[in-house]
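All remarks here apply to the structure that follows.
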Amino acid sequence: WLILQYMSGFGNEHVSEDPRCPGALPEGQNNPQVCPYGLYAEQLSGSAFTCPRPTNRRSWLYRILPSVCHKPFQPLREGHLTHSWDEVEPDPNQLRWKPFEIPKAPQDKLDFVSGLHTLCGAGEPRGRHGIAVHIFVCNTSMLDRCLYNSDGDFLIVPQQGKLLITTEFGKMLVEPNEICVIQQGMRFSVEVFGETRGYILEVYGAHFELPDLGPIGANGLANPRDFLVPVAWYEDRQVPGGYTVISKYQGKLFAAQQDFSPFNVVAWHGNYTPYKYHLENFMVINSVAFDHADPSIFTVLTAKSTRPGVALADFVIFPPRWGVANNTFRPPYYHRNCMSEFMGLIKGHYEAKEEGFQPGGASLHSMMTPHGPDADCFEKASKAKLEPERVAEGTMAFMFESSLSMAVTKWGLRTSNRLDKNYYKCWEPLKSHFNPKCK
């Protein structure tokens, strides 16, 4: 496998130039009259110019030709990508999906873009406030095609198959149990190596950041140094047959043609970059006395809303850890939540639903929809001897949690044909243990 280099640090000011062109970065200024090697200077802004310094994000790219050199954009068929949340009637039920099917390559070739399927979401990109959850299934690489998202950020969670992602900032190899974030406006192309599947959390109007730690203190959860940023890499490649640049704009896809590769950035500097993170590096915090700490202790990244303490979207994981709480029902408790909870499974068996919730599948427990352990889990955990035990060994489940009330698409409820219509039955065997004479 290709050995790639990275720089570390979340939100750092990074500097990188392709070693084939030493000195490609201008010294002492961003936009000289003539750039080294005859390059063009181009700024990519991820925030308003006037944002406070802690939230101001931008990078300067030094490229062989600027991004503006393309033919006009034309509409491109979206397939199952949408942000129309009124296709079907709302459904407040507990929803669970079987693993989403990956098409077999010879019969149906899908790359990362054509394999995008919107499952649920809320809000809309024109108002710069909202989210969407997409499933991607693909079996072929993007060839002379790249995508950029004008609407928001993509947090990509591969579940099966490696992704070799080429960006304007360099290359990243992202494997299952890793995540990556491609921020608004960044052009990228995805190479795959067989049948590939995963999940995407898209946010409009906010960028992902590390959650505040509060009483936890200075260290813990996802540490900034474990986030990796690609190093500069360029190709000076002409594409006479046409290179297709795809823009996701106001929820729809548009394609423009150009005759050169967009990955022609020889050097760059700034703090607005793509990045990746390995979930095994997460420092788990847990209760060591009794009861549960809230699942917010498992937050890797958050996209804040305008209300303090309320997330537009959180990315939360449930990694392997020790359970030691005394006199405590250790699996997740029964819950009704003012937030929406979408869950996926990368590998293993989720502790509260060992049957039915499978890697590559998903569940959605909408606002105030009750959920919790199935009957088997409740009975076992209620009688278990409470000793220190490894929880979720060999497993990685995650949650996209949002303060928005998400609607499910027609594809999610019908067309995908993956909805488990028997999900509700896992709670039917729950029985009353009430005895008014036994305190």
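Residues are named by chain letter and number: chains run A, B, ... in the order of the structure tokens, numbers start at 1 in each chain, and ligands are numbered from 1 in the order shown.
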| Near Trp85 in chain A, counting only C-alpha atoms, which residues have an atom at most 7 Å away, once you skip same-chain residues fewer than 3 positions from it, shown as number ranges by chain? | A: 122, 407-409
| message | Quick one: residues within 12 Å of Val266 in chain A, only C-alpha atoms, excluding same-chain residues fewer than 3 positions away - as a PyMOL selection string? | response | chain A and resi 15-26+35-42+60-66+168-170+231-236+262-263+269
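Of the listed residues A:Val310, A:His70, A:Arg414, A:Asn31, the one whose atoms come nearest to Tyr243 in chain A is A:His70, with distances taken using only C-alpha atoms.
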| task | Enumerate the residues of range 188-219 of chain A with a DSSP assignment of strand (DSSP E), computed from the backbone, and present them as an MDAnalysis selection string. | result | chainID A and resid 188:191 196:204
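Across the structure, CA of Pro176 in chain A and CA of Leu213 in chain A are spaced 26.7 Å apart.
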| Picked from range 240-412 of chain A by DSSP as helix (DSSP H, G or I), as a ChimeraX atom specification | /A:279-281,295-298,375-383,410-412
Fewer than 6 positions away in the same chain doesn't count, so skip those; otherwise give me all residues within 10 Å of Met142 in chain A, counting only C-alpha atoms, as a tab-separated table (two decimals) with all heavy atoms, in the first residue's frame.
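So the final result, stored in result-v4.tsv, reads:
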```tsv
chain	number	residue	atom	x	y	z
A	110	LEU	N	-20.85	2.11	-9.95
A	110	LEU	CA	-21.11	3.34	-9.21
A	110	LEU	C	-19.82	3.82	-8.60
A	110	LEU	O	-19.11	3.05	-7.94
A	110	LEU	CB	-22.13	3.10	-8.09
A	110	LEU	CG	-23.59	2.78	-8.46
A	110	LEU	CD1	-24.41	2.58	-7.20
A	110	LEU	CD2	-24.19	3.89	-9.30
A	111	ASP	N	-19.50	5.11	-8.80
A	111	ASP	CA	-18.38	5.69	-8.07
A	111	ASP	C	-18.93	6.44	-6.86
A	111	ASP	O	-20.13	6.38	-6.56
A	111	ASP	CB	-17.51	6.56	-8.98
A	111	ASP	CG	-18.21	7.82	-9.49
A	111	ASP	OD1	-19.31	8.16	-8.98
A	111	ASP	OD2	-17.67	8.47	-10.41
A	112	PHE	N	-18.06	7.14	-6.16
A	112	PHE	CA	-18.46	7.79	-4.90
A	112	PHE	C	-19.63	8.75	-5.11
A	112	PHE	O	-20.56	8.78	-4.29
A	112	PHE	CB	-17.26	8.53	-4.31
A	112	PHE	CG	-17.53	9.22	-3.00
A	112	PHE	CD1	-17.47	8.52	-1.81
A	112	PHE	CD2	-17.86	10.56	-2.96
A	112	PHE	CE1	-17.73	9.15	-0.60
A	112	PHE	CE2	-18.12	11.21	-1.76
A	112	PHE	CZ	-18.05	10.49	-0.57
A	113	VAL	N	-19.61	9.52	-6.20
A	113	VAL	CA	-20.68	10.51	-6.42
A	113	VAL	C	-21.97	9.84	-6.84
A	113	VAL	O	-23.04	10.11	-6.28
A	113	VAL	CB	-20.24	11.55	-7.47
A	113	VAL	CG1	-21.39	12.51	-7.79
A	113	VAL	CG2	-19.03	12.34	-6.97
A	114	SER	N	-21.91	8.95	-7.82
A	114	SER	CA	-23.13	8.30	-8.28
A	114	SER	C	-23.68	7.33	-7.24
A	114	SER	O	-24.84	6.92	-7.31
A	114	SER	CB	-22.90	7.58	-9.61
A	114	SER	OG	-21.82	6.67	-9.52
A	165	ILE	N	-8.26	9.19	-1.09
A	165	ILE	CA	-8.89	10.47	-1.42
A	165	ILE	C	-7.81	11.46	-1.84
A	165	ILE	O	-6.91	11.78	-1.06
A	165	ILE	CB	-9.69	11.01	-0.22
A	165	ILE	CG1	-10.74	9.99	0.22
A	165	ILE	CG2	-10.35	12.33	-0.57
A	165	ILE	CD1	-11.55	10.41	1.43
A	188	PHE	N	-12.25	17.11	-4.32
A	188	PHE	CA	-11.65	15.82	-3.98
A	188	PHE	C	-12.17	14.74	-4.93
A	188	PHE	O	-13.25	14.86	-5.51
A	188	PHE	CB	-11.93	15.45	-2.52
A	188	PHE	CG	-13.37	15.13	-2.20
A	188	PHE	CD1	-13.80	13.81	-2.07
A	188	PHE	CD2	-14.31	16.15	-2.02
A	188	PHE	CE1	-15.12	13.51	-1.76
A	188	PHE	CE2	-15.64	15.85	-1.70
A	188	PHE	CZ	-16.04	14.53	-1.58
A	189	SER	N	-11.38	13.70	-5.07
A	189	SER	CA	-11.73	12.55	-5.89
A	189	SER	C	-11.43	11.29	-5.09
A	189	SER	O	-10.45	11.26	-4.33
A	189	SER	CB	-10.93	12.55	-7.20
A	189	SER	OG	-11.32	11.49	-8.03
A	190	VAL	N	-12.27	10.25	-5.23
A	190	VAL	CA	-12.17	9.06	-4.39
A	190	VAL	C	-11.85	7.85	-5.25
A	190	VAL	O	-12.57	7.54	-6.20
A	190	VAL	CB	-13.49	8.82	-3.62
A	190	VAL	CG1	-13.38	7.55	-2.77
A	190	VAL	CG2	-13.83	10.03	-2.74
A	191	GLU	N	-10.76	7.18	-4.89
A	191	GLU	CA	-10.39	5.91	-5.52
A	191	GLU	C	-10.73	4.79	-4.55
A	191	GLU	O	-10.44	4.88	-3.35
A	191	GLU	CB	-8.89	5.90	-5.83
A	191	GLU	CG	-8.41	4.68	-6.59
A	191	GLU	CD	-6.93	4.75	-6.93
A	191	GLU	OE1	-6.32	5.84	-6.80
A	191	GLU	OE2	-6.37	3.70	-7.32
A	192	VAL	N	-11.36	3.72	-5.07
A	192	VAL	CA	-11.72	2.58	-4.24
A	192	VAL	C	-11.10	1.31	-4.81
A	192	VAL	O	-10.60	1.29	-5.94
A	192	VAL	CB	-13.26	2.42	-4.11
A	192	VAL	CG1	-13.86	3.65	-3.45
A	192	VAL	CG2	-13.90	2.16	-5.46
```
| With only C-alpha atoms as the atoms that count, which of A:Tyr350, A:Tyr424, A:Tyr148, A:Tyr275 lies nearest to Ser8 in chain A? | A:Tyr275
Do you have, as JSON lines, the list of residues of range 271-367 of chain A lying at most 10 Å from range 100-104 of chain A, each with its nearest atom pair and that distance in Å to one decimal, counting only C-alpha atoms and ordered by chain then number?
```
{"residue": "A:Pro359", "atom": "CA", "partner": "A:Phe100", "partner_atom": "CA", "distance": 9.4}
{"residue": "A:Gly360", "atom": "CA", "partner": "A:Phe100", "partner_atom": "CA", "distance": 6.1}
{"residue": "A:Gly361", "atom": "CA", "partner": "A:Phe100", "partner_atom": "CA", "distance": 6.0}
{"residue": "A:Ala362", "atom": "CA", "partner": "A:Phe100", "partner_atom": "CA", "distance": 8.7}
```
| Neighbours of Pro373 in chain A within 12 Å (only C-alpha atoms; same-chain residues fewer than 5 positions away dropped), as a ChimeraX atom specification? | /A:329-335,350-355,357,378-382,424,426-430
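Of the listed residues A:Ile346, A:Ala105, A:Met406, A:Val137, the one whose atoms come nearest to Ile179 in chain A is A:Ile346, with distances taken using only C-alpha atoms.
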| said: Excluding Gly242 in chain A and its own-chain neighbours fewer than 4 positions away, which residues fall within 8 Å of it when counting only C-alpha atoms? Please give them as an NGL selection string. | reply: :A and (144 or 257-260)
Using only N, CA and C atoms, please write the residues we just selected to a file, as a CSV table (one decimal), in the first residue's frame.
```
chain,number,residue,atom,x,y,z
A,144,ASP,N,-11.2,10.9,-13.7
A,144,ASP,CA,-11.3,12.3,-14.3
A,144,ASP,C,-12.5,13.0,-13.9
A,257,GLN,N,-16.8,21.2,-17.3
A,257,GLN,CA,-15.7,20.6,-18.0
A,257,GLN,C,-14.5,21.5,-18.0
A,258,GLN,N,-13.3,20.9,-17.8
A,258,GLN,CA,-12.0,21.6,-18.0
A,258,GLN,C,-11.0,20.6,-18.6
A,259,ASP,N,-9.9,21.2,-19.1
A,259,ASP,CA,-9.0,20.3,-19.8
A,259,ASP,C,-7.7,20.0,-19.0
A,260,PHE,N,-7.8,20.1,-17.7
A,260,PHE,CA,-6.6,19.8,-16.9
A,260,PHE,C,-7.1,19.3,-15.5
```
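Between CA of Ser45 in chain A and CA of Gly152 in chain A the interatomic distance comes to 12.6 Å.
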| task | Find the spatial neighbours of range 200-202 of chain A, counting only C-alpha atoms, within a cut-off of 8 Å - ignore same-chain residues fewer than 5 positions away - and output them as an MDAnalysis selection string. | result | chainID A and resid 131:136 152:157 400
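Nearest-residue note for Pro224 in chain A: choosing from A:Phe49, A:Tyr277, A:Phe193, A:Phe315, the minimum distance belongs to A:Tyr277, counting only C-alpha atoms.
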